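Colleague: Handing over structure.pdb, PDB, C-alpha atoms, pLDDT in the B column.
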```pdb
ATOM      1  CA  MET A  18      71.734 153.431  89.740  1.00 47.00           C
ATOM      2  CA  PRO A  19      75.266 151.989  89.674  1.00 55.00           C
ATOM      3  CA  ASN A  20      75.769 148.432  90.793  1.00 85.00           C
ATOM      4  CA  LEU A  21      76.469 148.370  94.517  1.00 94.00           C
ATOM      5  CA  LEU A  22      78.124 144.974  94.264  1.00 96.00           C
ATOM      6  CA  GLN A  23      80.948 143.686  92.094  1.00 96.00           C
ATOM      7  CA  LEU A  24      80.718 140.015  91.155  1.00 97.00           C
ATOM      8  CA  GLU A  25      83.506 137.696  90.037  1.00 95.00           C
ATOM      9  CA  GLY A  26      83.018 134.079  89.004  1.00 91.00           C
ATOM     10  CA  PRO A  27      81.934 131.554  89.747  1.00 96.00           C
ATOM     11  CA  GLN A  28      85.444 130.194  89.406  1.00 96.00           C
ATOM     12  CA  ARG A  29      86.365 126.814  90.873  1.00 96.00           C
ATOM     13  CA  GLY A  30      82.928 126.785  92.460  1.00 97.00           C
ATOM     14  CA  VAL A  31      83.363 130.139  94.217  1.00 98.00           C
ATOM     15  CA  LEU A  32      81.461 133.377  93.621  1.00 98.00           C
ATOM     16  CA  ARG A  33      83.189 136.509  94.924  1.00 98.00           C
ATOM     17  CA  ILE A  34      80.951 139.394  95.989  1.00 98.00           C
ATOM     18  CA  THR A  35      82.527 142.772  96.717  1.00 98.00           C
ATOM     19  CA  LEU A  36      80.536 145.527  98.422  1.00 97.00           C
ATOM     20  CA  HIS A  37      80.988 148.649  96.314  1.00 95.00           C
ATOM     21  CA  ARG A  38      79.952 151.949  97.862  1.00 94.00           C
ATOM     22  CA  PRO A  39      83.436 153.480  98.164  1.00 93.00           C
ATOM     23  CA  GLU A  40      82.124 156.996  98.724  1.00 91.00           C
ATOM     24  CA  ALA A  41      80.325 155.781 101.883  1.00 92.00           C
ATOM     25  CA  LEU A  42      82.831 153.197 103.159  1.00 95.00           C
ATOM     26  CA  ASN A  43      80.363 150.531 101.996  1.00 95.00           C
ATOM     27  CA  ALA A  44      77.619 151.699 104.345  1.00 92.00           C
ATOM     28  CA  LEU A  45      74.708 149.305 104.017  1.00 93.00           C
ATOM     29  CA  ASN A  46      71.761 151.151 102.558  1.00 92.00           C
ATOM     30  CA  THR A  47      68.517 149.495 101.517  1.00 92.00           C
ATOM     31  CA  ALA A  48      69.530 149.233  97.864  1.00 92.00           C
ATOM     32  CA  LEU A  49      72.809 147.471  98.651  1.00 95.00           C
ATOM     33  CA  LEU A  50      71.173 145.006 101.040  1.00 95.00           C
ATOM     34  CA  GLY A  51      68.438 144.318  98.501  1.00 94.00           C
ATOM     35  CA  GLU A  52      70.967 143.692  95.745  1.00 95.00           C
ATOM     36  CA  LEU A  53      72.959 141.381  98.023  1.00 97.00           C
ATOM     37  CA  ALA A  54      69.827 139.432  98.966  1.00 96.00           C
ATOM     38  CA  GLU A  55      68.952 138.983  95.283  1.00 95.00           C
ATOM     39  CA  VAL A  56      72.457 137.857  94.331  1.00 96.00           C
ATOM     40  CA  LEU A  57      72.541 135.304  97.147  1.00 97.00           C
ATOM     41  CA  ALA A  58      69.086 133.985  96.247  1.00 96.00           C
ATOM     42  CA  SER A  59      70.286 133.459  92.671  1.00 96.00           C
ATOM     43  CA  ALA A  60      73.516 131.848  93.897  1.00 97.00           C
ATOM     44  CA  ASP A  61      71.512 129.450  96.052  1.00 97.00           C
ATOM     45  CA  ARG A  62      69.824 128.141  92.896  1.00 96.00           C
ATOM     46  CA  ASP A  63      73.029 127.875  90.866  1.00 96.00           C
ATOM     47  CA  ASP A  64      74.708 124.470  91.132  1.00 95.00           C
ATOM     48  CA  ALA A  65      77.930 125.936  89.736  1.00 96.00           C
ATOM     49  CA  ILE A  66      78.283 128.001  92.903  1.00 97.00           C
ATOM     50  CA  ARG A  67      79.292 126.000  95.962  1.00 97.00           C
ATOM     51  CA  ALA A  68      80.663 128.768  98.202  1.00 98.00           C
ATOM     52  CA  VAL A  69      80.769 132.565  98.350  1.00 98.00           C
ATOM     53  CA  VAL A  70      83.521 134.996  99.320  1.00 98.00           C
ATOM     54  CA  LEU A  71      82.106 138.274 100.627  1.00 98.00           C
ATOM     55  CA  THR A  72      84.428 141.259 100.958  1.00 98.00           C
ATOM     56  CA  GLY A  73      84.621 145.031 100.886  1.00 97.00           C
ATOM     57  CA  SER A  74      87.549 147.381 100.329  1.00 96.00           C
ATOM     58  CA  ARG A  75      90.950 147.642 101.968  1.00 95.00           C
ATOM     59  CA  ARG A  76      89.672 150.600 104.003  1.00 95.00           C
ATOM     60  CA  ALA A  77      86.333 149.155 105.078  1.00 97.00           C
ATOM     61  CA  PHE A  78      84.422 145.915 104.901  1.00 98.00           C
ATOM     62  CA  ALA A  79      81.355 147.997 105.767  1.00 96.00           C
ATOM     63  CA  ALA A  80      81.346 150.988 108.101  1.00 93.00           C
ATOM     64  CA  GLY A  81      77.755 150.508 109.263  1.00 85.00           C
ATOM     65  CA  ALA A  82      74.252 151.291 108.171  1.00 76.00           C
ATOM     66  CA  ASP A  83      73.510 154.345 106.046  1.00 74.00           C
ATOM     67  CA  ILE A  84      72.849 156.972 108.736  1.00 73.00           C
ATOM     68  CA  ASN A  85      71.406 159.538 106.323  1.00 73.00           C
ATOM     69  CA  GLU A  86      68.887 156.994 105.097  1.00 76.00           C
ATOM     70  CA  MET A  87      68.064 155.954 108.655  1.00 68.00           C
ATOM     71  CA  ALA A  88      67.437 159.561 109.689  1.00 63.00           C
ATOM     72  CA  GLU A  89      64.620 159.792 107.142  1.00 62.00           C
ATOM     73  CA  ARG A  90      62.642 156.975 108.803  1.00 60.00           C
ATOM     74  CA  ASP A  91      60.325 157.597 111.743  1.00 52.00           C
ATOM     75  CA  LEU A  92      58.758 154.938 113.973  1.00 55.00           C
ATOM     76  CA  VAL A  93      56.282 153.821 111.309  1.00 51.00           C
ATOM     77  CA  GLY A  94      59.051 153.692 108.728  1.00 54.00           C
ATOM     78  CA  MET A  95      61.107 151.467 111.002  1.00 57.00           C
ATOM     79  CA  LEU A  96      58.184 149.101 111.558  1.00 59.00           C
ATOM     80  CA  ASP A  97      57.841 148.656 107.793  1.00 64.00           C
ATOM     81  CA  ASP A  98      61.582 148.717 107.079  1.00 75.00           C
ATOM     82  CA  PRO A  99      62.345 146.643 103.928  1.00 76.00           C
ATOM     83  CA  ARG A 100      65.861 146.044 105.184  1.00 81.00           C
ATOM     84  CA  GLN A 101      64.529 143.461 107.615  1.00 88.00           C
ATOM     85  CA  ARG A 102      63.328 141.343 104.693  1.00 91.00           C
ATOM     86  CA  HIS A 103      66.738 141.652 103.057  1.00 94.00           C
ATOM     87  CA  TRP A 104      68.540 140.619 106.248  1.00 94.00           C
ATOM     88  CA  ALA A 105      66.256 137.598 106.580  1.00 94.00           C
ATOM     89  CA  ALA A 106      66.990 136.583 102.977  1.00 95.00           C
ATOM     90  CA  ILE A 107      70.735 136.873 103.577  1.00 96.00           C
ATOM     91  CA  ALA A 108      70.426 134.717 106.691  1.00 95.00           C
ATOM     92  CA  ARG A 109      68.591 132.023 104.700  1.00 95.00           C
ATOM     93  CA  PHE A 110      71.455 131.483 102.250  1.00 97.00           C
ATOM     94  CA  SER A 111      72.232 127.785 102.481  1.00 96.00           C
ATOM     95  CA  LYS A 112      75.772 127.670 101.074  1.00 97.00           C
ATOM     96  CA  PRO A 113      78.933 128.644 102.957  1.00 98.00           C
ATOM     97  CA  ILE A 114      79.987 132.301 103.050  1.00 98.00           C
ATOM     98  CA  VAL A 115      83.605 133.179 103.796  1.00 98.00           C
ATOM     99  CA  ALA A 116      84.039 136.839 104.710  1.00 98.00           C
ATOM    100  CA  ALA A 117      87.316 138.578 103.835  1.00 98.00           C
ATOM    101  CA  ILE A 118      87.445 141.565 106.160  1.00 98.00           C
ATOM    102  CA  ASN A 119      89.666 144.628 106.160  1.00 98.00           C
ATOM    103  CA  GLY A 120      89.372 147.982 107.876  1.00 97.00           C
ATOM    104  CA  PHE A 121      86.180 149.265 109.480  1.00 97.00           C
ATOM    105  CA  THR A 122      83.603 146.563 110.228  1.00 97.00           C
ATOM    106  CA  LEU A 123      81.109 148.464 112.323  1.00 97.00           C
ATOM    107  CA  GLY A 124      77.417 148.409 113.124  1.00 95.00           C
ATOM    108  CA  GLY A 125      75.576 146.810 110.231  1.00 95.00           C
ATOM    109  CA  GLY A 126      78.946 145.867 108.759  1.00 96.00           C
ATOM    110  CA  CYS A 127      79.791 143.809 111.826  1.00 97.00           C
ATOM    111  CA  GLU A 128      76.306 142.287 111.703  1.00 97.00           C
ATOM    112  CA  LEU A 129      76.792 141.391 108.041  1.00 97.00           C
ATOM    113  CA  ALA A 130      80.176 139.820 108.805  1.00 98.00           C
ATOM    114  CA  MET A 131      78.483 137.696 111.463  1.00 97.00           C
ATOM    115  CA  HIS A 132      76.127 136.316 108.793  1.00 97.00           C
ATOM    116  CA  ALA A 133      79.190 134.667 107.236  1.00 98.00           C
ATOM    117  CA  ASP A 134      80.150 131.141 108.243  1.00 97.00           C
ATOM    118  CA  ILE A 135      83.895 131.807 108.317  1.00 98.00           C
ATOM    119  CA  ARG A 136      85.546 135.195 108.895  1.00 98.00           C
ATOM    120  CA  ILE A 137      89.121 135.984 107.825  1.00 98.00           C
ATOM    121  CA  ALA A 138      90.389 139.420 108.850  1.00 98.00           C
ATOM    122  CA  GLY A 139      93.330 141.604 108.004  1.00 98.00           C
ATOM    123  CA  GLU A 140      95.513 142.914 110.796  1.00 97.00           C
ATOM    124  CA  ASP A 141      93.956 146.369 110.458  1.00 96.00           C
ATOM    125  CA  ALA A 142      90.337 145.274 110.863  1.00 98.00           C
ATOM    126  CA  LYS A 143      88.205 146.914 113.554  1.00 97.00           C
ATOM    127  CA  PHE A 144      84.981 145.323 114.770  1.00 98.00           C
ATOM    128  CA  GLY A 145      82.302 147.182 116.666  1.00 97.00           C
ATOM    129  CA  GLN A 146      78.653 147.939 117.344  1.00 97.00           C
ATOM    130  CA  PRO A 147      78.689 151.734 117.852  1.00 96.00           C
ATOM    131  CA  GLU A 148      74.924 152.264 117.542  1.00 94.00           C
ATOM    132  CA  ILE A 149      74.671 153.332 121.194  1.00 95.00           C
ATOM    133  CA  ASN A 150      76.541 156.522 120.259  1.00 94.00           C
ATOM    134  CA  LEU A 151      73.549 157.524 118.110  1.00 92.00           C
ATOM    135  CA  GLY A 152      70.975 156.846 120.813  1.00 92.00           C
ATOM    136  CA  ILE A 153      69.963 153.536 119.246  1.00 92.00           C
ATOM    137  CA  MET A 154      71.072 149.901 119.468  1.00 93.00           C
ATOM    138  CA  PRO A 155      71.970 147.106 117.034  1.00 93.00           C
ATOM    139  CA  GLY A 156      68.948 146.036 115.035  1.00 90.00           C
ATOM    140  CA  ALA A 157      70.167 143.392 112.565  1.00 90.00           C
ATOM    141  CA  GLY A 158      71.289 140.697 114.973  1.00 91.00           C
ATOM    142  CA  GLY A 159      74.147 142.527 116.655  1.00 93.00           C
ATOM    143  CA  THR A 160      73.080 141.760 120.217  1.00 95.00           C
ATOM    144  CA  GLN A 161      72.171 138.132 119.540  1.00 94.00           C
ATOM    145  CA  ARG A 162      74.934 136.986 117.186  1.00 95.00           C
ATOM    146  CA  LEU A 163      77.653 138.902 119.014  1.00 96.00           C
ATOM    147  CA  VAL A 164      76.851 137.195 122.339  1.00 96.00           C
ATOM    148  CA  ARG A 165      77.035 133.824 120.615  1.00 94.00           C
ATOM    149  CA  ALA A 166      80.295 134.761 118.887  1.00 95.00           C
ATOM    150  CA  VAL A 167      82.321 136.385 121.680  1.00 96.00           C
ATOM    151  CA  GLY A 168      80.405 135.673 124.876  1.00 96.00           C
ATOM    152  CA  GLN A 169      78.171 137.758 127.131  1.00 96.00           C
ATOM    153  CA  ALA A 170      80.882 139.834 128.815  1.00 97.00           C
ATOM    154  CA  LEU A 171      82.674 141.164 125.741  1.00 97.00           C
ATOM    155  CA  ALA A 172      79.474 141.568 123.730  1.00 97.00           C
ATOM    156  CA  THR A 173      77.943 143.649 126.515  1.00 97.00           C
ATOM    157  CA  GLN A 174      81.011 145.862 126.704  1.00 97.00           C
ATOM    158  CA  MET A 175      81.081 146.368 122.924  1.00 97.00           C
ATOM    159  CA  VAL A 176      77.364 147.159 122.617  1.00 97.00           C
ATOM    160  CA  LEU A 177      77.014 149.403 125.683  1.00 98.00           C
ATOM    161  CA  THR A 178      80.224 151.400 125.170  1.00 98.00           C
ATOM    162  CA  GLY A 179      80.234 151.439 121.381  1.00 97.00           C
ATOM    163  CA  GLU A 180      83.990 150.870 121.466  1.00 97.00           C
ATOM    164  CA  PRO A 181      85.457 148.646 118.717  1.00 97.00           C
ATOM    165  CA  ILE A 182      87.925 145.811 119.160  1.00 98.00           C
ATOM    166  CA  SER A 183      91.003 144.978 117.118  1.00 98.00           C
ATOM    167  CA  ALA A 184      91.436 141.987 114.850  1.00 98.00           C
ATOM    168  CA  ARG A 185      93.714 140.414 117.458  1.00 98.00           C
ATOM    169  CA  ARG A 186      91.070 140.775 120.177  1.00 98.00           C
ATOM    170  CA  ALA A 187      88.427 139.449 117.763  1.00 98.00           C
ATOM    171  CA  LEU A 188      90.556 136.366 117.109  1.00 98.00           C
ATOM    172  CA  GLU A 189      91.073 135.749 120.823  1.00 97.00           C
ATOM    173  CA  ALA A 190      87.323 136.081 121.434  1.00 97.00           C
ATOM    174  CA  GLY A 191      86.331 133.756 118.585  1.00 97.00           C
ATOM    175  CA  LEU A 192      84.691 136.332 116.312  1.00 98.00           C
ATOM    176  CA  ILE A 193      87.123 135.509 113.490  1.00 98.00           C
ATOM    177  CA  SER A 194      89.083 132.362 112.708  1.00 97.00           C
ATOM    178  CA  GLU A 195      92.283 133.807 111.176  1.00 97.00           C
ATOM    179  CA  ILE A 196      94.275 137.010 110.808  1.00 98.00           C
ATOM    180  CA  THR A 197      96.238 137.764 107.655  1.00 97.00           C
ATOM    181  CA  GLN A 198      98.147 140.666 106.203  1.00 97.00           C
ATOM    182  CA  PRO A 199      95.526 143.029 104.727  1.00 96.00           C
ATOM    183  CA  GLU A 200      96.670 142.473 101.158  1.00 96.00           C
ATOM    184  CA  LEU A 201      96.242 138.690 101.533  1.00 97.00           C
ATOM    185  CA  THR A 202      92.797 138.595 103.129  1.00 98.00           C
ATOM    186  CA  VAL A 203      90.785 137.979  99.962  1.00 98.00           C
ATOM    187  CA  GLU A 204      93.336 135.471  98.692  1.00 97.00           C
ATOM    188  CA  ARG A 205      93.156 133.467 101.916  1.00 98.00           C
ATOM    189  CA  ALA A 206      89.364 133.603 102.064  1.00 98.00           C
ATOM    190  CA  THR A 207      89.166 132.450  98.452  1.00 98.00           C
ATOM    191  CA  ALA A 208      91.503 129.524  99.141  1.00 98.00           C
ATOM    192  CA  ILE A 209      89.250 128.412 102.005  1.00 98.00           C
ATOM    193  CA  ALA A 210      86.125 128.789  99.878  1.00 98.00           C
ATOM    194  CA  GLU A 211      87.713 126.781  97.056  1.00 98.00           C
ATOM    195  CA  ARG A 212      88.597 124.012  99.496  1.00 97.00           C
ATOM    196  CA  ILE A 213      84.973 123.910 100.670  1.00 97.00           C
ATOM    197  CA  ALA A 214      83.749 123.947  97.053  1.00 97.00           C
ATOM    198  CA  GLU A 215      85.633 120.692  96.440  1.00 96.00           C
ATOM    199  CA  LYS A 216      83.530 118.858  99.032  1.00 96.00           C
ATOM    200  CA  ALA A 217      80.185 117.124  98.577  1.00 96.00           C
ATOM    201  CA  PRO A 218      77.590 119.923  98.291  1.00 95.00           C
ATOM    202  CA  LEU A 219      74.823 118.111 100.156  1.00 96.00           C
ATOM    203  CA  ALA A 220      77.152 117.224 103.005  1.00 96.00           C
ATOM    204  CA  VAL A 221      78.376 120.823 103.200  1.00 97.00           C
ATOM    205  CA  ARG A 222      74.821 122.161 103.230  1.00 96.00           C
ATOM    206  CA  LEU A 223      73.633 119.821 105.969  1.00 96.00           C
ATOM    207  CA  ALA A 224      76.802 120.348 108.004  1.00 96.00           C
ATOM    208  CA  LYS A 225      76.272 124.114 107.866  1.00 97.00           C
ATOM    209  CA  GLU A 226      72.669 123.695 108.973  1.00 96.00           C
ATOM    210  CA  ALA A 227      73.714 121.430 111.840  1.00 96.00           C
ATOM    211  CA  LEU A 228      76.329 123.933 112.978  1.00 96.00           C
ATOM    212  CA  HIS A 229      73.694 126.669 113.023  1.00 94.00           C
ATOM    213  CA  LYS A 230      71.390 124.415 115.043  1.00 93.00           C
ATOM    214  CA  ALA A 231      74.057 124.293 117.725  1.00 92.00           C
ATOM    215  CA  LEU A 232      73.595 128.037 118.251  1.00 88.00           C
ATOM    216  CA  ASP A 233      69.820 128.164 118.544  1.00 87.00           C
ATOM    217  CA  THR A 234      68.675 124.918 120.140  1.00 92.00           C
ATOM    218  CA  ASP A 235      69.435 122.644 123.058  1.00 93.00           C
ATOM    219  CA  LEU A 236      72.037 119.886 122.860  1.00 94.00           C
ATOM    220  CA  ALA A 237      69.590 116.995 122.619  1.00 96.00           C
ATOM    221  CA  THR A 238      67.673 118.597 119.746  1.00 95.00           C
ATOM    222  CA  GLY A 239      70.902 119.470 117.982  1.00 95.00           C
ATOM    223  CA  LEU A 240      72.185 115.911 118.305  1.00 96.00           C
ATOM    224  CA  ARG A 241      68.940 114.528 116.879  1.00 96.00           C
ATOM    225  CA  PHE A 242      69.236 116.840 113.878  1.00 95.00           C
ATOM    226  CA  GLU A 243      72.864 115.874 113.386  1.00 95.00           C
ATOM    227  CA  ARG A 244      72.052 112.176 113.438  1.00 96.00           C
ATOM    228  CA  HIS A 245      69.142 112.642 111.030  1.00 95.00           C
ATOM    229  CA  ALA A 246      71.335 114.604 108.591  1.00 95.00           C
ATOM    230  CA  PHE A 247      74.108 112.017 108.889  1.00 94.00           C
ATOM    231  CA  THR A 248      71.609 109.266 108.076  1.00 95.00           C
ATOM    232  CA  VAL A 249      70.145 111.139 105.098  1.00 95.00           C
ATOM    233  CA  LEU A 250      73.607 111.463 103.555  1.00 95.00           C
ATOM    234  CA  ALA A 251      73.952 107.668 103.595  1.00 93.00           C
ATOM    235  CA  GLY A 252      71.624 107.602 100.594  1.00 92.00           C
ATOM    236  CA  THR A 253      73.641 109.962  98.400  1.00 95.00           C
ATOM    237  CA  ALA A 254      75.830 109.154  95.437  1.00 94.00           C
ATOM    238  CA  ASP A 255      78.472 111.526  96.827  1.00 94.00           C
ATOM    239  CA  ARG A 256      78.846 109.410  99.964  1.00 94.00           C
ATOM    240  CA  GLU A 257      79.444 106.361  97.800  1.00 93.00           C
ATOM    241  CA  GLU A 258      81.936 108.300  95.680  1.00 92.00           C
ATOM    242  CA  GLY A 259      83.746 109.653  98.729  1.00 94.00           C
ATOM    243  CA  ILE A 260      84.218 106.238 100.295  1.00 92.00           C
ATOM    244  CA  LYS A 261      85.229 104.677  96.980  1.00 92.00           C
ATOM    245  CA  ALA A 262      87.757 107.450  96.292  1.00 92.00           C
ATOM    246  CA  PHE A 263      89.265 106.977  99.753  1.00 93.00           C
ATOM    247  CA  GLN A 264      89.615 103.234  99.195  1.00 93.00           C
ATOM    248  CA  GLU A 265      91.160 103.794  95.773  1.00 93.00           C
ATOM    249  CA  LYS A 266      93.469 106.541  97.089  1.00 93.00           C
ATOM    250  CA  ARG A 267      92.283 109.182  94.613  1.00 92.00           C
ATOM    251  CA  ARG A 268      90.544 112.560  94.761  1.00 91.00           C
ATOM    252  CA  ALA A 269      86.761 112.296  94.992  1.00 91.00           C
ATOM    253  CA  GLN A 270      84.650 113.846  92.268  1.00 91.00           C
ATOM    254  CA  PHE A 271      81.475 115.061  93.953  1.00 92.00           C
ATOM    255  CA  THR A 272      78.398 115.944  91.909  1.00 91.00           C
ATOM    256  CA  GLY A 273      75.882 117.026  94.503  1.00 88.00           C
ATOM    257  CA  ARG A 274      73.774 113.893  94.116  1.00 90.00           C
TER
END
```
The structure in this file should be written as structure tokens.
Modeller:
Amino acid sequence: MPNLLQLEGPQRGVLRITLHRPEALNALNTALLGELAEVLASADRDDAIRAVVLTGSRRAFAAGADINEMAERDLVGMLDDPRQRHWAAIARFSKPIVAAINGFTLGGGCELAMHADIRIAGEDAKFGQPEINLGIMPGAGGTQRLVRAVGQALATQMVLTGEPISARRALEAGLISEITQPELTVERATAIAERIAEKAPLAVRLAKEALHKALDTDLATGLRFERHAFTVLAGTADREEGIKAFQEKRRAQFTGR
């Protein structure tokens, strides 16, 4: 079986992962999701990797789940669907993911994009959850993450009509953070990832976890976690280095300790 991902790096602390099923507009079949989960698990253990850029092609980030594969699964097959384990593994990745998005980002592709911490999109990107057109609904976080990303009203419209939104509408709604020319999307995402990779790894990891807490817990619990993480970082060598570098007016050299 050909590799369904193309890997570059790590370079300057950044691993680039490109979805590579061009014949299917990067539709997310079980094999691709499994390969992505394995790559991210390995990247989580690799200290040389401090951030990941995840992208697809100029035509499609990912056009959805693999419908032909889905059609082969009945109710029992769905209950024991290995893709759920792969999605959970992707969600557990502790380092920042910057998604560089062009073209169709639909269904499972939109759900995968929402697993990223930062989303940069080309002007031609289209975001949607069209599952309703097939008599089904999003099943990899599309209803839950989309509400948190764009709000109840727009998420409901997108899920119940199946109609996609443009990159401009996605920016206005908060689904993405920047729009670029399509040919510059990966370059811009990589620049952001490299900037993150320069920071203290433990601080980045705990900051990411605290930001995620804000989405799935109440304010008081989130504030307690934030304060605990802030306190833990007081015992790190990187905190000492960061403060010393600031006082000495030089660039900090963080080691992850």
Colleague: Please, what distance in Å, to one decimal, runs between CA of Arg75 in chain A and CA of Asp63 in chain A?
Modeller: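 Atom-to-atom, CA of Arg75 in chain A and CA of Asp63 in chain A are spaced 28.9 Å apart.
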Colleague: Apply the PyMOL selection byres ((chain A and resi 34-39) around 10) to the file shown and report the selected residues as an MDAnalysis selection string.
Modeller: chainID A and resid 19:26 31:33 40:46 49:50 53 56:57 69:74 76:79 116:117
Colleague: Which residues fall under the PyMOL selection byres ((chain A and resi 272) around 9) in this file, as a PDB file with C-alpha atoms, in the coordinates of the input?
Modeller:
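Once written, selection.pdb looks like this:
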```
ATOM      1  CA  ALA A 217      80.185 117.124  98.577  1.00 96.00           C
ATOM      2  CA  PRO A 218      77.590 119.923  98.291  1.00 95.00           C
ATOM      3  CA  ALA A 254      75.830 109.154  95.437  1.00 94.00           C
ATOM      4  CA  ASP A 255      78.472 111.526  96.827  1.00 94.00           C
ATOM      5  CA  GLN A 270      84.650 113.846  92.268  1.00 91.00           C
ATOM      6  CA  PHE A 271      81.475 115.061  93.953  1.00 92.00           C
ATOM      7  CA  GLY A 273      75.882 117.026  94.503  1.00 88.00           C
ATOM      8  CA  ARG A 274      73.774 113.893  94.116  1.00 90.00           C
TER       9      ARG A 274
END
```
Colleague: Residues near range 206-216 of chain A, anyone? I mean within 6 Å using only C-alpha atoms, not counting same-chain ones fewer than 5 positions away, as JSON, numbers by chain.
Modeller: {"A": [30, 67, 68, 117]}
Colleague: Give me the result of the PyMOL selection byres ((chain A and resi 185) around 12) on this file, residue by residue, as a count of residues only.
Modeller: 24
Colleague: I want to know what sits within 12 Å of Met154 in chain A, based on all atoms listed in the file, with residues of the same chain fewer than 4 positions away left out; could you give that as number ranges by chain?
Modeller: A: 82, 124-125, 145-150, 158-161, 173, 175-179
Colleague: When you draw a straight line from CA of Ala133 in chain A to CA of Ile114 in chain A, how long is it in Å?
Modeller: 4.9 Å
Colleague: Write out as a ChimeraX atom specification which residues come within 9 Å of Ala58 in chain A when counting all atoms listed in the file, dropping same-chain ones fewer than 2 positions away.
Modeller: /A:53-56,60-62,106-107,109-110
Colleague: One number please: CA of Arg256 in chain A to CA of Arg222 in chain A, in Å, one decimal.
Modeller: 13.8 Å
Colleague: Find the spatial neighbours of range 232-238 of chain A, counting all atoms listed in the file, within a cut-off of 12 Å - ignore same-chain residues fewer than 6 positions away - and output them as number ranges by chain.
Modeller: A: 161-166, 225-226, 244-245
Colleague: From the options A:Ile66, A:His229, A:Ala172, A:Ile84, which residue's atoms come nearest to His132 in chain A, counting all atoms listed in the file?
Modeller: A:His229
Colleague: My list of candidates is A:Gln264, A:Ser111, A:Thr122, A:Gln28. Which is closest to Asp134 in chain A when distances are computed with only C-alpha atoms?
Modeller: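 Of A:Gln264, A:Ser111, A:Thr122, A:Gln28, the one nearest Asp134 in chain A, counting only C-alpha atoms, is A:Ser111.
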Colleague: Once 5 Å is added on each side, what centre and edge lengths in Å to one decimal does the axis-aligned box around all listed atoms of range 78-81 of chain A have, as lines of an AutoDock Vina configuration file?
Modeller:
```
center_x = 81.1
center_y = 148.5
center_z = 107.1
size_x = 16.7
size_y = 15.1
size_z = 14.4
```
Colleague: Tell me which of A:Pro199, A:Ala224, A:Gly152, A:Ala251 sits closest to Gly239 in chain A, counting all atoms listed in the file.
Modeller: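 Under the stated criterion, the closest residue is A:Ala224.
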